[in-house]
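Source file model_32.csv; content: CSV, C-alpha atoms.
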chain,number,residue,atom,x,y,z
A,1,MET,CA,10.3,0.6,3.2
A,2,LEU,CA,11.2,1.2,6.8
A,3,ILE,CA,14.9,1.6,7.5
A,4,LEU,CA,16.0,1.5,11.1
A,5,HIS,CA,19.5,2.2,12.4
A,6,CYS,CA,20.5,-0.7,14.7
A,7,PRO,CA,22.1,0.8,17.8
A,8,TYR,CA,24.0,-2.4,18.5
A,9,CYS,CA,25.7,-3.1,15.2
A,10,GLY,CA,25.5,0.3,13.6
A,11,THR,CA,23.9,-0.8,10.4
A,12,ASP,CA,21.0,0.8,8.7
A,13,ALA,CA,18.8,-2.3,8.5
A,14,ASP,CA,15.8,-2.4,6.2
A,15,GLU,CA,12.5,-3.8,7.2
A,16,THR,CA,13.3,-7.2,5.8
A,17,GLU,CA,16.2,-7.7,8.1
A,18,LEU,CA,14.1,-6.9,11.2
A,19,ALA,CA,11.4,-8.6,13.2
A,20,PRO,CA,8.7,-6.4,14.8
A,21,GLY,CA,8.3,-6.7,18.6
A,22,GLY,CA,5.1,-4.7,19.2
A,23,GLU,CA,4.7,-1.7,21.5
A,24,ALA,CA,7.6,-0.6,23.7
A,25,HIS,CA,7.8,0.4,27.3
A,26,LEU,CA,5.2,-2.0,28.6
A,27,LYS,CA,5.2,-2.4,32.4
A,28,ARG,CA,4.7,-6.0,33.4
A,29,PHE,CA,1.9,-6.9,35.8
A,30,GLY,CA,2.5,-10.5,36.8
A,31,PRO,CA,1.1,-12.9,39.5
A,32,GLY,CA,-0.5,-11.1,42.4
A,33,SER,CA,-1.4,-8.0,40.5
A,34,GLN,CA,-4.9,-6.5,40.1
A,35,ASP,CA,-6.9,-8.2,37.3
A,36,ALA,CA,-7.4,-4.8,35.6
A,37,ASP,CA,-3.7,-4.2,35.5
A,38,PHE,CA,-3.0,-7.6,34.2
A,39,GLU,CA,-5.6,-7.3,31.5
A,40,ALA,CA,-4.2,-4.0,30.5
A,41,TYR,CA,-0.7,-5.4,30.4
A,42,LEU,CA,-1.8,-8.2,28.2
A,43,PHE,CA,-4.2,-6.5,25.9
A,44,ALA,CA,-4.4,-2.7,26.1
A,45,ARG,CA,-2.2,-1.3,23.3
A,46,GLU,CA,-1.8,2.2,21.9
A,47,ASN,CA,-2.9,2.6,18.3
A,48,PRO,CA,-1.8,6.1,17.6
A,49,MET,CA,-1.9,8.1,14.4
A,50,GLY,CA,1.5,9.8,14.8
A,51,VAL,CA,4.3,9.3,17.3
A,52,HIS,CA,4.7,5.7,18.4
A,53,PHE,CA,7.3,3.7,20.3
A,54,GLU,CA,8.1,0.2,19.2
A,55,ARG,CA,10.4,-2.7,19.9
A,56,TRP,CA,12.3,-4.3,17.0
A,57,ARG,CA,14.8,-7.1,16.7
A,58,HIS,CA,17.6,-7.1,14.2
A,59,ALA,CA,16.7,-10.7,13.4
A,60,ASN,CA,18.7,-11.2,10.3
A,61,GLY,CA,21.7,-9.3,11.7
A,62,CYS,CA,23.2,-9.0,15.1
A,63,GLY,CA,20.1,-10.5,16.7
A,64,LYS,CA,19.6,-7.7,19.3
A,65,TRP,CA,16.4,-6.1,20.4
A,66,PHE,CA,16.2,-2.3,20.3
A,67,HIS,CA,13.6,0.5,20.5
A,68,ALA,CA,12.4,2.7,17.8
A,69,ALA,CA,10.4,6.0,17.8
A,70,ARG,CA,8.6,6.7,14.6
A,71,CYS,CA,5.5,8.2,13.1
A,72,THR,CA,2.8,5.8,12.1
A,73,THR,CA,1.3,8.1,9.5
A,74,THR,CA,4.4,9.2,7.6
A,75,LEU,CA,6.7,6.3,8.5
A,76,GLU,CA,9.2,9.0,9.6
A,77,VAL,CA,11.8,7.6,12.0
A,78,PHE,CA,12.7,9.9,14.9
A,79,GLY,CA,15.4,7.6,16.2
A,80,THR,CA,16.4,4.3,17.6
A,81,TYR,CA,17.8,3.6,21.0
A,82,SER,CA,19.0,0.8,23.3
A,83,ALA,CA,16.7,-1.8,24.8
A,84,GLN,CA,18.3,-1.3,28.2
A,85,THR,CA,16.0,1.5,29.3
A,86,LEU,CA,12.6,2.0,30.7
A,87,ASP,CA,11.8,5.2,28.9
A,88,PRO,CA,13.0,7.1,25.8
A,89,PRO,CA,16.2,9.0,26.2
A,90,GLN,CA,16.1,12.8,26.1
A,91,GLU,CA,17.7,13.2,22.6
A,92,ILE,CA,14.9,11.0,21.2
A,93,ARG,CA,12.2,13.1,22.9
A,94,ASP,CA,13.9,16.3,21.6
A,95,ALA,CA,14.0,14.9,18.1
A,96,ILE,CA,10.3,14.2,18.3
A,97,THR,CA,9.5,17.6,19.8
A,98,ALA,CA,11.4,19.3,17.0
A,99,LYS,CA,9.1,17.6,14.4
A,100,ARG,CA,5.9,17.1,16.3
A,101,PRO,CA,5.5,19.9,19.0
A,102,GLY,CA,3.1,19.0,21.7
A,103,TRP,CA,3.3,15.2,21.1
A,104,ARG,CA,2.1,12.8,23.8
A,105,TRP,CA,2.3,9.0,24.0
A,106,ARG,CA,1.0,7.3,27.1
A,107,ASP,CA,2.9,9.0,30.0
A,108,PHE,CA,5.7,10.4,27.8
A,109,ALA,CA,5.7,13.9,26.3
B,1,MET,CA,34.4,-42.8,13.4
B,2,SER,CA,32.4,-41.5,10.5
B,3,ASN,CA,34.1,-38.9,8.2
B,4,ALA,CA,33.1,-35.3,8.6
B,5,VAL,CA,31.6,-33.9,5.4
B,6,SER,CA,30.2,-30.5,4.6
B,7,ALA,CA,26.6,-30.2,3.6
B,8,LEU,CA,27.5,-29.4,0.0
B,9,GLN,CA,30.4,-31.8,-0.3
B,10,GLY,CA,32.7,-29.5,-2.2
B,11,GLU,CA,30.3,-28.6,-4.9
B,12,VAL,CA,31.5,-25.9,-7.4
B,13,TYR,CA,29.6,-23.9,-9.9
B,14,LYS,CA,31.2,-21.7,-12.5
B,15,GLY,CA,29.0,-18.9,-13.8
B,16,PHE,CA,30.1,-15.3,-14.3
B,17,ALA,CA,31.3,-15.7,-10.8
B,18,THR,CA,32.4,-18.9,-9.2
B,19,VAL,CA,30.4,-20.3,-6.3
B,20,ALA,CA,32.2,-23.0,-4.4
B,21,ASP,CA,31.7,-24.9,-1.2
B,22,VAL,CA,34.7,-24.6,1.1
B,23,GLY,CA,34.3,-28.0,2.7
B,24,PRO,CA,34.5,-28.8,6.4
B,25,SER,CA,35.5,-25.6,8.1
B,26,GLY,CA,36.3,-25.0,11.8
B,27,MET,CA,34.0,-22.5,13.5
B,28,ILE,CA,33.8,-21.6,17.2
B,29,ALA,CA,31.1,-19.4,18.7
B,30,LEU,CA,32.5,-17.3,21.5
B,31,ARG,CA,30.2,-15.2,23.6
B,32,GLY,CA,31.3,-12.9,26.5
B,33,ASP,CA,32.3,-9.4,27.3
B,34,LEU,CA,34.3,-8.4,24.1
B,35,GLY,CA,35.8,-5.4,25.9
B,36,ALA,CA,37.3,-7.5,28.7
B,37,ALA,CA,41.1,-7.7,28.6
B,38,LYS,CA,41.0,-11.4,29.6
B,39,LEU,CA,38.8,-12.3,26.6
B,40,LYS,CA,40.9,-10.2,24.2
B,41,GLY,CA,44.0,-11.9,25.4
B,42,ALA,CA,42.5,-15.3,25.2
B,43,VAL,CA,41.3,-14.8,21.6
B,44,LYS,CA,44.7,-13.3,20.5
B,45,LYS,CA,46.6,-16.2,22.1
B,46,ALA,CA,44.4,-18.9,20.6
B,47,THR,CA,44.0,-17.5,17.1
B,48,GLY,CA,46.7,-15.0,16.6
B,49,VAL,CA,44.1,-12.4,15.7
B,50,ALA,CA,43.1,-9.4,17.8
B,51,VAL,CA,39.4,-9.0,18.6
B,52,PRO,CA,38.0,-7.0,15.7
B,53,GLY,CA,35.9,-3.8,16.0
B,54,MET,CA,32.2,-3.5,15.2
B,55,ARG,CA,31.2,-5.3,11.9
B,56,LYS,CA,34.9,-6.2,11.2
B,57,ALA,CA,36.7,-9.4,10.7
B,58,GLY,CA,40.4,-10.0,11.2
B,59,PHE,CA,42.5,-12.8,9.8
B,60,ALA,CA,45.9,-14.3,10.4
B,61,GLY,CA,47.0,-17.4,8.3
B,62,ASP,CA,44.2,-20.0,8.5
B,63,ASN,CA,42.5,-18.3,11.4
B,64,GLY,CA,39.9,-15.6,11.5
B,65,VAL,CA,37.9,-13.7,14.0
B,66,CYS,CA,34.5,-12.1,13.0
B,67,TRP,CA,32.4,-9.7,15.0
B,68,MET,CA,28.9,-11.2,15.1
B,69,SER,CA,27.2,-8.9,17.7
B,70,PRO,CA,28.3,-6.8,20.7
B,71,ASP,CA,28.8,-10.0,22.8
B,72,GLU,CA,29.6,-12.6,20.2
B,73,LEU,CA,32.5,-13.6,18.0
B,74,LEU,CA,32.7,-16.2,15.3
B,75,ILE,CA,36.2,-17.8,15.2
B,76,LEU,CA,37.2,-19.4,11.9
B,77,CYS,CA,40.0,-22.0,11.8
B,78,PRO,CA,40.9,-25.3,10.1
B,79,TYR,CA,38.4,-28.0,10.9
B,80,GLU,CA,40.9,-30.2,12.7
B,81,SER,CA,42.0,-27.5,15.1
B,82,ALA,CA,38.6,-26.4,16.2
B,83,GLY,CA,38.3,-28.8,19.1
B,84,ASP,CA,41.7,-27.9,20.6
B,85,MET,CA,41.1,-24.2,20.1
B,86,THR,CA,37.8,-24.4,21.9
B,87,THR,CA,39.4,-26.2,24.8
B,88,ALA,CA,42.2,-23.6,24.9
B,89,LEU,CA,39.6,-20.8,25.0
B,90,GLN,CA,37.5,-22.4,27.7
B,91,GLU,CA,40.6,-22.9,29.8
B,92,ALA,CA,41.8,-19.4,29.3
B,93,LEU,CA,38.4,-17.9,30.1
B,94,ALA,CA,37.7,-20.2,33.1
B,95,GLY,CA,36.1,-18.2,35.9
B,96,THR,CA,34.6,-15.5,33.7
B,97,HIS,CA,31.1,-15.5,32.2
B,98,HIS,CA,31.5,-16.8,28.7
B,99,LEU,CA,30.6,-19.5,26.2
B,100,ALA,CA,33.0,-21.1,23.8
B,101,ALA,CA,31.4,-23.8,21.7
B,102,ASN,CA,32.7,-25.8,18.7
B,103,VAL,CA,30.0,-25.1,16.1
B,104,SER,CA,32.0,-26.3,13.1
B,105,ASP,CA,29.2,-28.5,11.8
B,106,ALA,CA,26.5,-26.0,12.4
B,107,ARG,CA,27.2,-23.8,9.4
B,108,ALA,CA,28.2,-24.1,5.7
B,109,ARG,CA,30.9,-21.9,4.3
B,110,ILE,CA,30.7,-20.9,0.6
B,111,VAL,CA,33.1,-18.8,-1.4
B,112,VAL,CA,32.0,-16.6,-4.3
B,113,SER,CA,34.8,-15.4,-6.4
B,114,GLY,CA,35.3,-13.4,-9.6
B,115,GLY,CA,35.3,-9.8,-10.6
B,116,ASP,CA,31.5,-9.6,-10.6
B,117,MET,CA,31.0,-11.3,-7.2
B,118,ARG,CA,29.3,-8.1,-5.9
B,119,GLU,CA,26.6,-8.5,-8.5
B,120,VAL,CA,25.8,-12.0,-7.2
B,121,LEU,CA,25.5,-10.8,-3.6
B,122,ALA,CA,23.6,-7.6,-4.4
B,123,LYS,CA,20.9,-9.7,-6.1
B,124,LEU,CA,20.2,-11.5,-2.9
B,125,THR,CA,20.8,-9.2,0.1
B,126,PRO,CA,19.4,-5.9,1.2
B,127,ALA,CA,22.9,-5.0,2.6
B,128,ASP,CA,25.0,-2.4,0.7
B,129,VAL,CA,27.7,-4.5,-0.9
B,130,SER,CA,29.0,-1.7,-3.2
B,131,ALA,CA,32.8,-1.1,-3.3
B,132,ALA,CA,32.2,2.1,-1.4
B,133,ALA,CA,30.5,0.4,1.5
B,134,PHE,CA,31.8,-3.1,1.7
B,135,VAL,CA,35.5,-3.8,1.5
B,136,PRO,CA,37.9,-6.5,2.7
B,137,GLY,CA,38.0,-6.5,6.5
B,138,ASP,CA,34.2,-5.7,6.7
B,139,PHE,CA,31.9,-8.3,8.1
B,140,ARG,CA,28.1,-8.1,7.6
B,141,ARG,CA,25.3,-10.3,9.0
B,142,SER,CA,22.2,-9.9,6.8
B,143,ARG,CA,20.1,-12.2,4.8
B,144,LEU,CA,20.4,-13.9,1.4
B,145,ALA,CA,16.9,-14.1,-0.1
B,146,GLN,CA,14.9,-15.8,2.6
B,147,VAL,CA,17.5,-16.9,5.1
B,148,PRO,CA,20.0,-15.3,7.5
B,149,ALA,CA,23.6,-15.3,6.3
B,150,ALA,CA,26.9,-13.5,7.0
B,151,PHE,CA,29.6,-12.6,4.6
B,152,TRP,CA,33.0,-10.9,4.4
B,153,MET,CA,35.5,-10.3,1.7
B,154,ALA,CA,38.7,-12.2,1.7
B,155,ASP,CA,40.1,-10.0,-1.0
B,156,ASP,CA,38.8,-7.6,-3.7
B,157,GLU,CA,37.4,-10.4,-5.8
B,158,THR,CA,36.4,-13.0,-3.2
B,159,VAL,CA,33.6,-13.0,-0.8
B,160,GLU,CA,32.9,-15.7,1.7
B,161,VAL,CA,29.4,-16.6,3.0
B,162,VAL,CA,28.4,-18.5,6.0
B,163,CYS,CA,24.9,-19.8,6.6
B,164,PHE,CA,23.2,-22.5,8.7
B,165,ARG,CA,23.9,-26.0,7.5
B,166,SER,CA,20.2,-26.7,7.1
B,167,VAL,CA,19.9,-24.1,4.4
B,168,ALA,CA,23.2,-24.7,2.7
B,169,ARG,CA,21.6,-26.2,-0.4
B,170,TYR,CA,19.2,-23.3,-0.6
B,171,VAL,CA,21.9,-20.7,-0.3
B,172,PHE,CA,24.2,-22.5,-2.8
B,173,ASP,CA,21.4,-22.7,-5.3
B,174,ILE,CA,20.3,-19.1,-5.1
B,175,LEU,CA,24.0,-18.0,-5.4
B,176,LYS,CA,24.3,-20.3,-8.4
B,177,ASN,CA,21.2,-18.9,-9.9
B,178,ALA,CA,22.4,-15.3,-9.3
B,179,ALA,CA,25.7,-16.2,-11.1
B,180,ILE,CA,24.2,-17.6,-14.3
B,181,PRO,CA,26.2,-16.3,-17.3
B,182,GLY,CA,24.2,-13.5,-19.0
B,183,SER,CA,22.4,-12.5,-15.9
B,184,GLU,CA,24.8,-9.7,-14.9
B,185,ALA,CA,22.8,-6.7,-13.9
B,186,GLY,CA,25.9,-4.5,-14.5
B,187,PHE,CA,24.8,-2.4,-11.5
B,188,MET,CA,27.9,-2.6,-9.4
B,189,GLY,CA,30.1,-1.1,-12.1
B,190,THR,CA,32.7,-3.8,-12.0
Spit out the file's structure as structure tokens when you get a sec.
Amino acid sequence: MLILHCPYCGTDADETELAPGGEAHLKRFGPGSQDADFEAYLFARENPMGVHFERWRHANGCGKWFHAARCTTTLEVFGTYSAQTLDPPQEIRDAITAKRPGWRWRDFA
Amino acid sequence: MSNAVSALQGEVYKGFATVADVGPSGMIALRGDLGAAKLKGAVKKATGVAVPGMRKAGFAGDNGVCWMSPDELLILCPYESAGDMTTALQEALAGTHHLAANVSDARARIVVSGGDMREVLAKLTPADVSAAAFVPGDFRRSRLAQVPAAFWMADDETVEVVCFRSVARYVFDILKNAAIPGSEAGFMGT
């Protein structure tokens, strides 16, 4: 069972209280963008074995969206953080580096 | 004018804990910047209760203020006074970005009482409702079986539950089922 700490209401919410929101930190390419960029925005997703960044919503709770960094193989959670950011905060990156030295995910490392 | 009735019309079930519909109950959804002095003042003036901290609920007389999320409060009051209180909040907060809506008929309010009421809740929710983690003054939004619900303790032996009106029958029935005499799990040590 995945248990994520909701950064907005401070509860340790279990998976059944949450709704998954897919991959985090997508950059939107809308009208006027290149077809290749738009296609990648719509369809190209990471499918890593290891460090992954996701969006989750505390659906049966405070209702807020937040980000989570976790490992897809061990289900280890490195941390959760606010949705109001474009990239993972330094303490989350440090927590991942401590457990998975040399990790890389899209442009983050 | 038609008479306002609650979804469960005052139904009561007595098992090892008592599950009872509270009846029509005033509720106001208030959204806005909970840290703003203007909002804090307006809530205090309208309800007599200070804006509670994260996952807390405060009560004074018939009124209560519950922390729903970082930008939302649920105000509890007598059914008859919800309209006036909503107007008072709207007037006090005029000019600031906010929403105050009378949602009295949107939800059902159910009270579970008895020494073993934690057992009833623990069967239905993933939230920690042990005496160590959940005490009077705490407010928790979670789920009961398959639907969202929020609950808080009025005192050591009473917990109040709010859920959407459309699932009031479902929530009452699962609470009732969890309170059937002889089905005590004995896990909460009460």
Requested in this report: Counting all atoms listed in the file, figure out which residue out of B:Arg118, B:Arg143, B:Arg107, B:Arg55 gets nearest to B:Ser130.
Outcome: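 Closest candidate: B:Arg118.
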Query raised in the report: Given a cut-off of 8 Å, which residues of chain B touch chain A, counting all atoms listed in the file, written out as a ChimeraX atom specification?
Result: /B:54-55,68-70,126-127,140-143,147-149
Could those selected residues go to a file with C-alpha atoms, as a PDB file, keeping the file's coordinate frame?
ATOM      1  CA  MET B  54      32.200  -3.500  15.200  1.00  0.00           C
ATOM      2  CA  ARG B  55      31.200  -5.300  11.900  1.00  0.00           C
ATOM      3  CA  MET B  68      28.900 -11.200  15.100  1.00  0.00           C
ATOM      4  CA  SER B  69      27.200  -8.900  17.700  1.00  0.00           C
ATOM      5  CA  PRO B  70      28.300  -6.800  20.700  1.00  0.00           C
ATOM      6  CA  PRO B 126      19.400  -5.900   1.200  1.00  0.00           C
ATOM      7  CA  ALA B 127      22.900  -5.000   2.600  1.00  0.00           C
ATOM      8  CA  ARG B 140      28.100  -8.100   7.600  1.00  0.00           C
ATOM      9  CA  ARG B 141      25.300 -10.300   9.000  1.00  0.00           C
ATOM     10  CA  SER B 142      22.200  -9.900   6.800  1.00  0.00           C
ATOM     11  CA  ARG B 143      20.100 -12.200   4.800  1.00  0.00           C
ATOM     12  CA  VAL B 147      17.500 -16.900   5.100  1.00  0.00           C
ATOM     13  CA  PRO B 148      20.000 -15.300   7.500  1.00  0.00           C
ATOM     14  CA  ALA B 149      23.600 -15.300   6.300  1.00  0.00           C
TER      15      ALA B 149
END
Query raised in the report: Skipping near chain neighbours, those fewer than 2 positions away, what residues fall within 6 Å of stretch 50-56 of chain A using only C-alpha atoms, listed as a list in words?
Result: Ala19, Pro20, Gly21, Gly22, Glu23, Ala24, Pro48, Trp65, Phe66, His67, Ala68, Ala69, Arg70, Cys71, Thr72 and Thr73 of chain A
Query - Polymer residues at most 12 Å from B:Lys40, only C-alpha atoms, same-chain spacing of 5 or more positions, as a ChimeraX atom specification - result: /B:30-35,45-53,65,73,89,92-93
Report task. Just give me the gap between atom CA of B:Ile28 and atom CA of A:Gln84 in Å, one decimal is fine. Result ->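 Separating atom CA of B:Ile28 from atom CA of A:Gln84 is a distance of 27.8 Å.
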Requested in this report: One decimal, Å: what's the distance from atom CA of B:Cys77 over to atom CA of B:Asn63, could you say?
Outcome: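 Separating atom CA of B:Cys77 from atom CA of B:Asn63 is a distance of 4.5 Å.
Across B:Ala100, B:Ile75, B:Ala108, B:Val120, the tightest approach to B:Ala57 is made by B:Ile75 when counting all atoms listed in the file.
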Report task. Give the answer as one residue: which of A:Arg106, A:His25, A:His5, A:Arg100 has the shortest atom-to-atom distance to A:Asp87, using only C-alpha atoms? Result ->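 Nearest to A:Asp87: A:His25.
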Report task. Work out how far atom CA of A:Glu39 is from atom CA of A:Leu26, in Å to one decimal. Result -> 12.4 Å
Around stretch 56-69 of chain A, with edges along x, y and z and 4 Å added on all six sides, what centre and edge lengths do you get, in Å to one decimal, as lines of an AutoDock Vina configuration file?
center_x = 16.8
center_y = -2.6
center_z = 15.4
size_x = 20.8
size_y = 25.2
size_z = 18.2
**Report entry** Residue among A:Ala36, A:Ala109, A:Ile96, A:Val77 lying closest to A:Met1, counting all atoms listed in the file
**Finding:** A:Val77
Report summary line: Closest of B:Ala42, B:Asp116, B:His97, B:Ala154 to B:Asp62, counting only C-alpha atoms, is B:Ala154
**Report entry** Minimum-distance residue to B:Gly26, chosen among B:Leu121, B:Ala106, B:Val43, B:Val161 (using all atoms listed in the file)
**Finding:** B:Ala106
Report task. Skip B:Gly114 itself and residues of its chain fewer than 6 positions away, then list as a VMD selection string all residues within 8 Å of it, counting all atoms listed in the file. Result -> chain B and resid 16 to 18 157 to 158
Select stretch 59-91 of chain A in the preceding structure and write N, CA and C atoms to a file as an mmCIF file, in the first residue's frame.
data_model
loop_
_atom_site.group_PDB
_atom_site.id
_atom_site.type_symbol
_atom_site.label_atom_id
_atom_site.label_comp_id
_atom_site.auth_asym_id
_atom_site.auth_seq_id
_atom_site.Cartn_x
_atom_site.Cartn_y
_atom_site.Cartn_z
ATOM 1 N N ALA A 59 -7.941 13.117 -3.119
ATOM 2 C CA ALA A 59 -9.339 13.196 -3.537
ATOM 3 C C ALA A 59 -10.316 13.010 -2.375
ATOM 4 N N ASN A 60 -10.072 12.002 -1.545
ATOM 5 C CA ASN A 60 -10.956 11.785 -0.395
ATOM 6 C C ASN A 60 -10.382 12.483 0.832
ATOM 7 N N GLY A 61 -9.956 13.692 0.647
ATOM 8 C CA GLY A 61 -9.378 14.442 1.765
ATOM 9 C C GLY A 61 -9.506 15.903 1.451
ATOM 10 N N CYS A 62 -8.404 16.632 1.484
ATOM 11 C CA CYS A 62 -8.495 18.077 1.285
ATOM 12 C C CYS A 62 -8.722 18.441 -0.178
ATOM 13 N N GLY A 63 -8.589 17.483 -1.100
ATOM 14 C CA GLY A 63 -8.913 17.737 -2.490
ATOM 15 C C GLY A 63 -7.821 18.395 -3.292
ATOM 16 N N LYS A 64 -6.635 18.568 -2.685
ATOM 17 C CA LYS A 64 -5.569 19.297 -3.376
ATOM 18 C C LYS A 64 -4.658 18.373 -4.178
ATOM 19 N N TRP A 65 -4.143 18.909 -5.282
ATOM 20 C CA TRP A 65 -3.125 18.219 -6.063
ATOM 21 C C TRP A 65 -1.759 18.435 -5.427
ATOM 22 N N PHE A 66 -0.905 17.420 -5.496
ATOM 23 C CA PHE A 66 0.475 17.614 -5.068
ATOM 24 C C PHE A 66 1.382 16.707 -5.882
ATOM 25 N N HIS A 67 2.675 16.871 -5.706
ATOM 26 C CA HIS A 67 3.667 16.055 -6.413
ATOM 27 C C HIS A 67 4.263 15.001 -5.482
ATOM 28 N N ALA A 68 4.661 13.890 -6.044
ATOM 29 C CA ALA A 68 5.337 12.866 -5.256
ATOM 30 C C ALA A 68 6.527 12.338 -6.041
ATOM 31 N N ALA A 69 7.604 12.088 -5.339
ATOM 32 C CA ALA A 69 8.775 11.446 -5.943
ATOM 33 C C ALA A 69 8.892 10.076 -5.321
ATOM 34 N N ARG A 70 8.895 9.031 -6.135
ATOM 35 C CA ARG A 70 8.970 7.692 -5.573
ATOM 36 C C ARG A 70 9.697 6.758 -6.520
ATOM 37 N N CYS A 71 9.949 5.552 -6.034
ATOM 38 C CA CYS A 71 10.644 4.550 -6.826
ATOM 39 C C CYS A 71 9.621 3.541 -7.326
ATOM 40 N N THR A 72 9.599 3.320 -8.634
ATOM 41 C CA THR A 72 8.576 2.433 -9.179
ATOM 42 C C THR A 72 8.866 0.955 -8.917
ATOM 43 N N THR A 73 10.110 0.626 -8.592
ATOM 44 C CA THR A 73 10.414 -0.788 -8.351
ATOM 45 C C THR A 73 10.187 -1.189 -6.897
ATOM 46 N N THR A 74 10.541 -0.304 -5.967
ATOM 47 C CA THR A 74 10.430 -0.660 -4.552
ATOM 48 C C THR A 74 9.234 0.000 -3.867
ATOM 49 N N LEU A 75 8.562 0.918 -4.553
ATOM 50 C CA LEU A 75 7.472 1.723 -3.996
ATOM 51 C C LEU A 75 7.949 2.651 -2.883
ATOM 52 N N GLU A 76 9.268 2.784 -2.731
ATOM 53 C CA GLU A 76 9.784 3.712 -1.744
ATOM 54 C C GLU A 76 9.417 5.143 -2.130
ATOM 55 N N VAL A 77 8.949 5.902 -1.148
ATOM 56 C CA VAL A 77 8.583 7.296 -1.413
ATOM 57 C C VAL A 77 9.714 8.198 -0.917
ATOM 58 N N PHE A 78 10.251 9.025 -1.816
ATOM 59 C CA PHE A 78 11.339 9.924 -1.435
ATOM 60 C C PHE A 78 10.799 11.204 -0.813
ATOM 61 N N GLY A 79 9.613 11.570 -1.201
ATOM 62 C CA GLY A 79 9.033 12.768 -0.614
ATOM 63 C C GLY A 79 7.887 13.293 -1.455
ATOM 64 N N THR A 80 7.100 14.167 -0.853
ATOM 65 C CA THR A 80 6.019 14.828 -1.592
ATOM 66 C C THR A 80 6.226 16.329 -1.462
ATOM 67 N N TYR A 81 5.736 17.072 -2.437
ATOM 68 C CA TYR A 81 5.935 18.511 -2.403
ATOM 69 C C TYR A 81 4.802 19.218 -3.118
ATOM 70 N N SER A 82 4.767 20.521 -2.933
ATOM 71 C CA SER A 82 3.695 21.373 -3.435
ATOM 72 C C SER A 82 3.505 21.258 -4.941
ATOM 73 N N ALA A 83 2.292 21.511 -5.388
ATOM 74 C CA ALA A 83 2.013 21.512 -6.823
ATOM 75 C C ALA A 83 2.442 22.815 -7.475
ATOM 76 N N GLN A 84 2.684 23.860 -6.652
ATOM 77 C CA GLN A 84 3.010 25.169 -7.225
ATOM 78 C C GLN A 84 4.494 25.281 -7.531
ATOM 79 N N THR A 85 5.005 24.383 -8.357
ATOM 80 C CA THR A 85 6.412 24.421 -8.715
ATOM 81 C C THR A 85 6.594 23.767 -10.076
ATOM 82 N N LEU A 86 7.639 24.184 -10.781
ATOM 83 C CA LEU A 86 7.895 23.610 -12.101
ATOM 84 C C LEU A 86 8.919 22.489 -12.051
ATOM 85 N N ASP A 87 9.669 22.422 -10.970
ATOM 86 C CA ASP A 87 10.632 21.321 -10.845
ATOM 87 C C ASP A 87 10.779 20.926 -9.375
ATOM 88 N N PRO A 88 11.337 19.748 -9.111
ATOM 89 C CA PRO A 88 11.393 19.264 -7.730
ATOM 90 C C PRO A 88 12.289 20.151 -6.867
ATOM 91 N N PRO A 89 11.883 20.448 -5.630
ATOM 92 C CA PRO A 89 12.726 21.248 -4.742
ATOM 93 C C PRO A 89 14.016 20.507 -4.376
ATOM 94 N N GLN A 90 15.011 21.289 -3.931
ATOM 95 C CA GLN A 90 16.335 20.717 -3.680
ATOM 96 C C GLN A 90 16.299 19.610 -2.628
ATOM 97 N N GLU A 91 15.462 19.755 -1.586
ATOM 98 C CA GLU A 91 15.489 18.720 -0.539
ATOM 99 C C GLU A 91 14.971 17.380 -1.065
#
